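Report on one structure; see the data block that follows.
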Amino acid sequence: MAILLSLGRFTLGRAVGVGFAKINGISLIRRTMHLQQNQAFVNGKWVGARSGETFEITNPANEQVIGTVPDMDVDDVNEAIGSAYDAFYDKGWHNSTAKERAALLKKWFHLLEINRQEIARIMTAESGKPIAESLGEISYGNSFVEWFAEEARRIYGEIVPTPQANRQMMLVKQPVGVAGLITPWNFPHAMITRKASAAIAAGCTVVIKPAEDTPLTALALTKLAEEAGFPKGVFNVITSSRKNAASIGELLCKSEKVAAISFTGSTEVGRLLYKQCSDGIKRIGLELGGNAPFIVFSSADLDKAVTGAMNSKFRNCGQTCISANRFLIQDEIHDEFIARLTEKIKALKIGDGSHDGVQIGPLINHSQVNKVTEFVEDAKQKGAHVVYGGHQLSQHGALFFEPTIITHLRDDMRLYKEEIFGPVVSVIRFKTEEEALQIANASQRGLAGYFYSNDLNQVFRVSKLLETGMIGINEGLISSAEAAFGGIKESGIGREGSKYGIDEYVYIKYLCYGSLE
Ligand code: ADP
């Protein structure tokens with residue numbers, strides 16, 4: 001297949017302004033684009049649902065409608081799967097070279113960098129995330145595209161020393177085919193690029209289903225993927241409301257044309273998709289909920305621990321799967337830590353994320369507000385102490401919840417056992433390292449964990465014994481394209497980012513050349 005690359009030049013339609021991006025020290029100035037779309041993208045075309053149905057997207061800060069997108073169903077998705085399948089097999093994407101794929105990904109990366117302000121505007125409007133955090137997510141999300149553009153050219157096989165002289169043994173890596181990618185609302189950009197750029201780098205084609213709360217960011221990225229010039233059918237995005245999510249998920253899992261599923265979202269939906277993939281023995285990567293412990297030992301630097309706690313807990317209003325969920329604080333420093341943290345929490349600026357300096361925006365939707373409220377009420381009724389906060393903030397809007405700190409948690413409280421996904425610090429006091437580890441590990445979730453200690457021996461012991469896939473040691477922000485992101489226990493299967501992110505989308509083929517003379 002001839003894949004046309006025009007690397008020297010960006011051909012941008014509907015230019016609206018000037019974008020600045022600094023890439024590897026080089027400043028780029030280009031025309032930027034209107035990126036808000038109201039159609040999905042299948043086989044290189046912007047399309048509506050066959051049924052003609054659409055659904056509305058609202059701004060969580062004020063609940064105003066900011067756009068509509070197609071409410072697609074299984075018929076639409078079947079077509080998208082077909083186009084991804086044809087692009088992979090008949091139209092020859094499986095024969096594309098790593099260099100061609102890397103060039104397309106680099107071009108997409110450059111366009112994403114140049115248009116960061118416009119993407120951030122859309123992201124804040126539909127997710128409620130403060131604009132500074134949207135820009136932060138864009139840097140993070142873009143970094144996956146850059147990283148996998150680089151990794152594409154290093155998907156090496158092996159020549160294996162043979163036990164028989166007349167044989168040559170080779171292991172090669174081949175793309176699996178069509179990948180179905182289902183993503184959540186809390187990182188509307190990065191969860192797509194982390195999956196899609198790995199899949200495309202490996203040589204797969206993709207059908208992406210973004211979350212119903214945040215499809216506009218997904219479509220903005222898609223507009224730039226179109227501009228980057230991915231061949232028709234390589235990059236497909238279908239939008240649907242919640243009512244069609246289950247049937248679409250089932251189709252992606254059961255279609256014989258889909259080779260792999262990658263899902264980020266709730267453990268409940270992940271469990272269902274895992275079951276659905278079992279019929280076709282389909283490959284699946286799952287990045288599910290966590291219940292992250294954040295342990296502060298008495299030897300810790302308290303300033304660093306307080307900063308780490310703020311970063312880990314309040315990013316995206318506590319709505320990240322690696323947010324600290326249970327704060328375990330050692331007896332001797334407990335009161336001092338709570339006092340310092342409470343002062344920081346009181347100073348947080350709350351409001352519409354598009355306003356300057358806002359640090360805490362709204363929660364994403366009513367079901368999140370209800371969940372956070374129920375968890376806090378449950379803890380209060382069972383005897384927890386609310387040190388600060390604990391209420392909805394209706395003066396800001398219907399979806400705002402006050403940054404909160406609660407102590408005296410007990411193991412019969414929902415806050416203790418489940419992931420809250422909200423701006424609530426839940427504190428448990430402990431006496432010994434063994435007790436902290438016992439509490440931290442008494443969870444079926446094992447995504448991220450954090451601990452603060454300046455005792456080297458303790459650092460090594462706890463790093464080994466803490467049952468999570470990722471650990472921040474004296475650090476509250478751990479995400480990076482270079483790192484392997486993923487969980488153990490019920491928090492998931494597989495790894496995203498890092499060199500291992502490619503493994504989700506390739507299989508190893510063993511070639512045995514025999515009877516050689
Ligand atoms: P949350 O509860 O935080 O919205 P979910 O796991 O429900 O997390 O949603 C994450 C993604 O999974 C979204 O894109 C959503 O539309 C999708 N989803 C929800 N239910 C299903 C399902 N039964 N099958 C497939 N995808 C689903």
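Here, A, B, ... name the chains of the structure tokens in the order displayed, residue numbers run from 1 inside each chain, and ligands are numbered from 1 in the same displayed order.
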
Can you tell me, as a PyMOL selection string, which residues in range 155-393 of chain A count as helix (DSSP H, G or I) by DSSP? chain A and resi 190-202+215-228+242-254+267-278+302-318+331-346+366-381

Those in range 41-271 of chain A with strand (DSSP E) from DSSP, as a ChimeraX atom specification: /A:41-42,45-47,54-58,65-70,158-160,168-175,178-182,205-209,235-237,258-264

Keeping only N, CA and C atoms, write the selected residues to a file as a CSV table (one decimal), in the first residue's frame.
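Listing of out00.csv after writing:
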```
chain,number,residue,atom,x,y,z
A,41,PHE,N,-16.4,9.4,13.3
A,41,PHE,CA,-15.4,9.3,12.2
A,41,PHE,C,-15.2,7.8,11.9
A,42,VAL,N,-15.7,7.4,10.7
A,42,VAL,CA,-15.6,6.0,10.3
A,42,VAL,C,-15.1,5.9,8.9
A,45,LYS,N,-14.4,9.1,7.1
A,45,LYS,CA,-15.5,10.1,6.8
A,45,LYS,C,-16.2,10.5,8.1
A,46,TRP,N,-16.6,11.8,8.2
A,46,TRP,CA,-17.4,12.2,9.3
A,46,TRP,C,-18.8,11.8,9.1
A,47,VAL,N,-19.4,11.1,10.0
A,47,VAL,CA,-20.7,10.5,9.8
A,47,VAL,C,-21.6,10.6,11.1
A,54,THR,N,-29.0,11.5,18.1
A,54,THR,CA,-27.9,12.2,18.7
A,54,THR,C,-28.1,12.3,20.2
A,55,PHE,N,-27.0,12.7,20.9
A,55,PHE,CA,-27.2,13.0,22.4
A,55,PHE,C,-26.4,14.2,22.7
A,56,GLU,N,-26.8,14.9,23.8
A,56,GLU,CA,-26.2,16.1,24.2
A,56,GLU,C,-25.1,16.0,25.1
A,57,ILE,N,-24.1,16.9,25.0
A,57,ILE,CA,-23.0,16.9,25.9
A,57,ILE,C,-23.1,18.2,26.8
A,58,THR,N,-23.0,18.1,28.1
A,58,THR,CA,-23.2,19.2,28.9
A,58,THR,C,-21.9,19.6,29.6
A,65,VAL,N,-25.7,22.8,27.7
A,65,VAL,CA,-25.4,22.0,26.6
A,65,VAL,C,-24.3,22.7,25.8
A,66,ILE,N,-23.3,21.9,25.5
A,66,ILE,CA,-22.2,22.5,24.7
A,66,ILE,C,-22.0,21.9,23.3
A,67,GLY,N,-22.8,20.8,23.1
A,67,GLY,CA,-22.7,20.1,21.8
A,67,GLY,C,-23.5,18.9,21.7
A,68,THR,N,-23.7,18.4,20.5
A,68,THR,CA,-24.3,17.1,20.3
A,68,THR,C,-23.5,16.2,19.5
A,69,VAL,N,-23.6,14.9,19.7
A,69,VAL,CA,-22.8,13.9,18.9
A,69,VAL,C,-23.7,12.7,18.5
A,70,PRO,N,-23.4,12.0,17.5
A,70,PRO,CA,-24.3,10.8,17.1
A,70,PRO,C,-24.4,9.8,18.2
A,158,GLU,N,13.5,-11.8,17.3
A,158,GLU,CA,14.7,-12.5,17.8
A,158,GLU,C,15.1,-13.6,16.9
A,159,ILE,N,16.4,-13.8,16.8
A,159,ILE,CA,16.9,-15.0,16.1
A,159,ILE,C,17.5,-15.9,17.3
A,160,VAL,N,16.9,-17.1,17.4
A,160,VAL,CA,17.2,-17.9,18.6
A,160,VAL,C,18.2,-18.9,18.3
A,168,GLN,N,17.0,-23.0,11.5
A,168,GLN,CA,17.1,-21.6,11.9
A,168,GLN,C,15.8,-21.3,12.6
A,169,MET,N,15.8,-20.7,13.8
A,169,MET,CA,14.6,-20.4,14.6
A,169,MET,C,14.5,-18.9,14.7
A,170,MET,N,13.3,-18.4,14.4
A,170,MET,CA,13.1,-16.9,14.5
A,170,MET,C,11.8,-16.6,15.2
A,171,LEU,N,11.8,-15.6,16.0
A,171,LEU,CA,10.6,-15.1,16.6
A,171,LEU,C,10.3,-13.7,16.1
A,172,VAL,N,9.2,-13.5,15.5
A,172,VAL,CA,8.8,-12.2,14.9
A,172,VAL,C,7.6,-11.7,15.6
A,173,LYS,N,7.4,-10.4,15.7
A,173,LYS,CA,6.2,-9.8,16.3
A,173,LYS,C,5.4,-9.2,15.2
A,174,GLN,N,4.1,-9.6,15.2
A,174,GLN,CA,3.1,-9.2,14.2
A,174,GLN,C,1.9,-8.5,14.9
A,175,PRO,N,1.4,-7.5,14.2
A,175,PRO,CA,0.2,-6.8,14.8
A,175,PRO,C,-1.0,-7.8,14.9
A,178,VAL,N,-7.5,-5.7,14.3
A,178,VAL,CA,-8.3,-4.6,14.8
A,178,VAL,C,-8.3,-4.6,16.3
A,179,ALA,N,-8.1,-3.4,16.9
A,179,ALA,CA,-8.2,-3.3,18.3
A,179,ALA,C,-9.4,-2.4,18.7
A,180,GLY,N,-10.2,-2.9,19.6
A,180,GLY,CA,-11.4,-2.1,20.1
A,180,GLY,C,-10.9,-1.4,21.4
A,181,LEU,N,-11.1,-0.1,21.4
A,181,LEU,CA,-10.6,0.7,22.6
A,181,LEU,C,-11.7,1.4,23.3
A,182,ILE,N,-12.0,1.1,24.5
A,182,ILE,CA,-13.1,1.7,25.2
A,182,ILE,C,-12.5,2.5,26.4
A,205,THR,N,-5.2,-1.5,13.4
A,205,THR,CA,-6.2,-0.5,13.2
A,205,THR,C,-7.1,-0.4,14.4
A,206,VAL,N,-7.7,0.7,14.6
A,206,VAL,CA,-8.5,0.9,15.9
A,206,VAL,C,-9.9,1.4,15.6
A,207,VAL,N,-10.8,0.9,16.6
A,207,VAL,CA,-12.1,1.4,16.7
A,207,VAL,C,-12.2,1.9,18.1
A,208,ILE,N,-12.4,3.2,18.3
A,208,ILE,CA,-12.4,3.8,19.6
A,208,ILE,C,-13.8,4.2,20.1
A,209,LYS,N,-14.2,3.8,21.3
A,209,LYS,CA,-15.4,4.3,21.8
A,209,LYS,C,-15.1,5.1,23.1
A,235,PHE,N,-8.2,4.6,11.7
A,235,PHE,CA,-8.5,5.3,12.9
A,235,PHE,C,-10.0,5.6,12.9
A,236,ASN,N,-10.8,4.9,13.7
A,236,ASN,CA,-12.3,5.1,13.7
A,236,ASN,C,-12.7,5.4,15.1
A,237,VAL,N,-13.6,6.4,15.2
A,237,VAL,CA,-14.2,6.8,16.5
A,237,VAL,C,-15.7,6.8,16.4
A,258,VAL,N,-12.6,-8.4,15.4
A,258,VAL,CA,-11.8,-7.6,16.4
A,258,VAL,C,-10.9,-8.6,17.1
A,259,ALA,N,-9.6,-8.2,17.1
A,259,ALA,CA,-8.6,-9.2,17.7
A,259,ALA,C,-8.3,-8.9,19.1
A,260,ALA,N,-8.4,-7.6,19.5
A,260,ALA,CA,-8.0,-7.3,20.9
A,260,ALA,C,-8.9,-6.2,21.4
A,261,ILE,N,-9.1,-6.2,22.7
A,261,ILE,CA,-9.9,-5.1,23.4
A,261,ILE,C,-8.9,-4.5,24.5
A,262,SER,N,-9.0,-3.2,24.5
A,262,SER,CA,-8.3,-2.5,25.7
A,262,SER,C,-9.3,-1.6,26.3
A,263,PHE,N,-9.5,-1.7,27.6
A,263,PHE,CA,-10.5,-1.0,28.3
A,263,PHE,C,-9.9,-0.3,29.5
A,264,THR,N,-10.3,1.0,29.8
A,264,THR,CA,-10.0,1.6,31.0
A,264,THR,C,-11.4,2.1,31.6
```

Can you pull out every residue within 9 Å of range 280-287 of chain A, counting only C-alpha atoms, but drop anything in the same chain fewer than 5 positions away, and send it as a PyMOL selection string? chain A and resi 253-256+258-267+270-271+273-274+321+447+485-487+491-496+504-505

Identify which of the residues A:Val269, A:Ala220, A:Val74, A:Ala324 lies closest to ligand 1, counting only C-alpha atoms and all ligand atoms when measuring atom-to-atom distances.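 Using only C-alpha atoms and all ligand atoms, ligand 1 sits closest to A:Val269.
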
Compile the contact shell of Ile502 in chain A as a list in words: residues with an atom at most 9 Å away, counting only C-alpha atoms, same-chain residues fewer than 2 positions apart removed. Phe148, Glu151, Ala152, Ile155, Ala198, Ala199, Ala201, Ala202, Arg495, Glu496, Gly497, Ser498, Lys499, Tyr500, Glu504, Tyr505 and Val506 of chain A

Dump of N, CA and C atoms for the selected residues, as a PDB file, in the first residue's frame:
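Now in again25.pdb:
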```pdb
ATOM      1  N   PHE A 148       5.260   6.432  21.406  1.00  0.00           N
ATOM      2  CA  PHE A 148       4.997   5.249  20.585  1.00  0.00           C
ATOM      3  C   PHE A 148       5.429   5.460  19.129  1.00  0.00           C
ATOM      4  N   GLU A 151       8.815   4.213  19.658  1.00  0.00           N
ATOM      5  CA  GLU A 151       8.848   2.764  19.916  1.00  0.00           C
ATOM      6  C   GLU A 151       8.511   1.944  18.670  1.00  0.00           C
ATOM      7  N   ALA A 152       7.702   2.530  17.772  1.00  0.00           N
ATOM      8  CA  ALA A 152       7.269   1.771  16.576  1.00  0.00           C
ATOM      9  C   ALA A 152       8.465   1.151  15.861  1.00  0.00           C
ATOM     10  N   ILE A 155      10.289  -2.444  17.420  1.00  0.00           N
ATOM     11  CA  ILE A 155       9.533  -3.668  17.739  1.00  0.00           C
ATOM     12  C   ILE A 155      10.309  -4.838  17.138  1.00  0.00           C
ATOM     13  N   ALA A 198      -0.194   3.271  20.769  1.00  0.00           N
ATOM     14  CA  ALA A 198       0.505   1.978  20.907  1.00  0.00           C
ATOM     15  C   ALA A 198      -0.004   1.002  19.854  1.00  0.00           C
ATOM     16  N   ALA A 199      -1.327   0.963  19.690  1.00  0.00           N
ATOM     17  CA  ALA A 199      -1.926   0.016  18.729  1.00  0.00           C
ATOM     18  C   ALA A 199      -1.463   0.346  17.313  1.00  0.00           C
ATOM     19  N   ALA A 201       1.179   2.127  16.388  1.00  0.00           N
ATOM     20  CA  ALA A 201       2.626   1.882  16.271  1.00  0.00           C
ATOM     21  C   ALA A 201       2.899   0.406  15.989  1.00  0.00           C
ATOM     22  N   ALA A 202       2.112  -0.459  16.637  1.00  0.00           N
ATOM     23  CA  ALA A 202       2.316  -1.906  16.450  1.00  0.00           C
ATOM     24  C   ALA A 202       1.857  -2.378  15.082  1.00  0.00           C
ATOM     25  N   ARG A 495      -0.144  -3.939  30.669  1.00  0.00           N
ATOM     26  CA  ARG A 495       0.510  -2.670  30.974  1.00  0.00           C
ATOM     27  C   ARG A 495       0.352  -1.723  29.801  1.00  0.00           C
ATOM     28  N   GLU A 496       0.217  -0.424  30.128  1.00  0.00           N
ATOM     29  CA  GLU A 496       0.144   0.596  29.084  1.00  0.00           C
ATOM     30  C   GLU A 496       1.324   1.544  29.260  1.00  0.00           C
ATOM     31  N   GLY A 497       1.676   2.239  28.178  1.00  0.00           N
ATOM     32  CA  GLY A 497       2.874   3.075  28.240  1.00  0.00           C
ATOM     33  C   GLY A 497       4.104   2.187  28.311  1.00  0.00           C
ATOM     34  N   SER A 498       5.294   2.797  28.317  1.00  0.00           N
ATOM     35  CA  SER A 498       6.584   2.088  28.382  1.00  0.00           C
ATOM     36  C   SER A 498       6.766   1.203  27.144  1.00  0.00           C
ATOM     37  N   LYS A 499       7.859   0.475  27.086  1.00  0.00           N
ATOM     38  CA  LYS A 499       8.046  -0.415  25.938  1.00  0.00           C
ATOM     39  C   LYS A 499       7.043  -1.568  25.981  1.00  0.00           C
ATOM     40  N   TYR A 500       6.493  -1.854  27.166  1.00  0.00           N
ATOM     41  CA  TYR A 500       5.564  -2.975  27.286  1.00  0.00           C
ATOM     42  C   TYR A 500       4.191  -2.673  26.709  1.00  0.00           C
ATOM     43  N   GLU A 504       0.606  -5.370  24.096  1.00  0.00           N
ATOM     44  CA  GLU A 504      -0.839  -5.624  24.078  1.00  0.00           C
ATOM     45  C   GLU A 504      -1.350  -5.814  22.652  1.00  0.00           C
ATOM     46  N   TYR A 505      -0.605  -5.321  21.681  1.00  0.00           N
ATOM     47  CA  TYR A 505      -1.116  -5.258  20.298  1.00  0.00           C
ATOM     48  C   TYR A 505      -0.312  -6.090  19.299  1.00  0.00           C
ATOM     49  N   VAL A 506       0.627  -6.875  19.794  1.00  0.00           N
ATOM     50  CA  VAL A 506       1.375  -7.763  18.889  1.00  0.00           C
ATOM     51  C   VAL A 506       1.335  -9.196  19.430  1.00  0.00           C
TER      52      VAL A 506
END
```

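Across the model, the gap from atom 20 (N, counted along the ligand's line) of ligand 1 to CA of Thr404 in chain A is 29.1 Å.
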
For range 311-319 of chain A, find every residue with an atom within 9 Å (counting only C-alpha atoms), except residues of its own chain fewer than 2 positions away, and show them as a PyMOL selection string. chain A and resi 128-130+133+186-187+294+306-309+321-325+359-364+401+403+420-425+475-477

Take the residues from that selection and put them in a file with C-alpha atoms, as an mmCIF file, in the first residue's frame.
```cif
data_model
loop_
_atom_site.group_PDB
_atom_site.id
_atom_site.type_symbol
_atom_site.label_atom_id
_atom_site.label_comp_id
_atom_site.auth_asym_id
_atom_site.auth_seq_id
_atom_site.Cartn_x
_atom_site.Cartn_y
_atom_site.Cartn_z
ATOM 1 C CA GLY A 128 -15.029 20.338 34.252
ATOM 2 C CA LYS A 129 -11.283 19.900 34.710
ATOM 3 C CA PRO A 130 -9.429 23.159 35.543
ATOM 4 C CA GLU A 133 -5.008 20.436 34.394
ATOM 5 C CA ASN A 186 -11.627 11.216 33.578
ATOM 6 C CA PHE A 187 -8.740 11.508 31.084
ATOM 7 C CA PHE A 294 -1.047 6.673 50.837
ATOM 8 C CA VAL A 306 1.659 17.040 52.383
ATOM 9 C CA THR A 307 2.553 18.225 48.863
ATOM 10 C CA GLY A 308 2.338 14.655 47.567
ATOM 11 C CA ALA A 309 -1.009 14.159 49.278
ATOM 12 C CA CYS A 321 -7.922 5.747 39.264
ATOM 13 C CA ILE A 322 -4.544 6.299 40.918
ATOM 14 C CA SER A 323 -5.797 8.999 43.327
ATOM 15 C CA ALA A 324 -4.854 8.301 46.936
ATOM 16 C CA ASN A 325 -7.969 6.776 48.476
ATOM 17 C CA GLN A 359 -7.955 24.250 41.279
ATOM 18 C CA ILE A 360 -11.132 22.310 42.058
ATOM 19 C CA GLY A 361 -13.874 22.036 39.444
ATOM 20 C CA PRO A 362 -17.142 20.115 39.527
ATOM 21 C CA LEU A 363 -17.533 16.353 39.651
ATOM 22 C CA ILE A 364 -18.369 14.858 36.284
ATOM 23 C CA PHE A 401 -18.434 18.966 46.322
ATOM 24 C CA PRO A 403 -12.730 19.397 49.417
ATOM 25 C CA ILE A 420 -14.563 7.280 46.257
ATOM 26 C CA PHE A 421 -13.452 9.141 43.093
ATOM 27 C CA GLY A 422 -13.955 12.516 44.717
ATOM 28 C CA PRO A 423 -12.172 15.270 46.701
ATOM 29 C CA VAL A 424 -12.265 13.495 50.045
ATOM 30 C CA VAL A 425 -9.222 12.643 52.164
ATOM 31 C CA GLU A 475 6.266 11.037 45.289
ATOM 32 C CA GLY A 476 2.579 11.735 44.626
ATOM 33 C CA LEU A 477 2.597 12.125 40.825
#
```

Nearest candidate to ligand 1 (options A:Lys91, A:Lys344, A:His366, A:Lys232; using only C-alpha atoms and all ligand atoms):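 So, comparing all the options, the nearest one is A:His366.
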
If you measure from CA of Asp86 in chain A to CA of Asn142 in chain A, what distance in Å do you get, rounded to one decimal?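 Those two atoms sit 27.7 Å apart.
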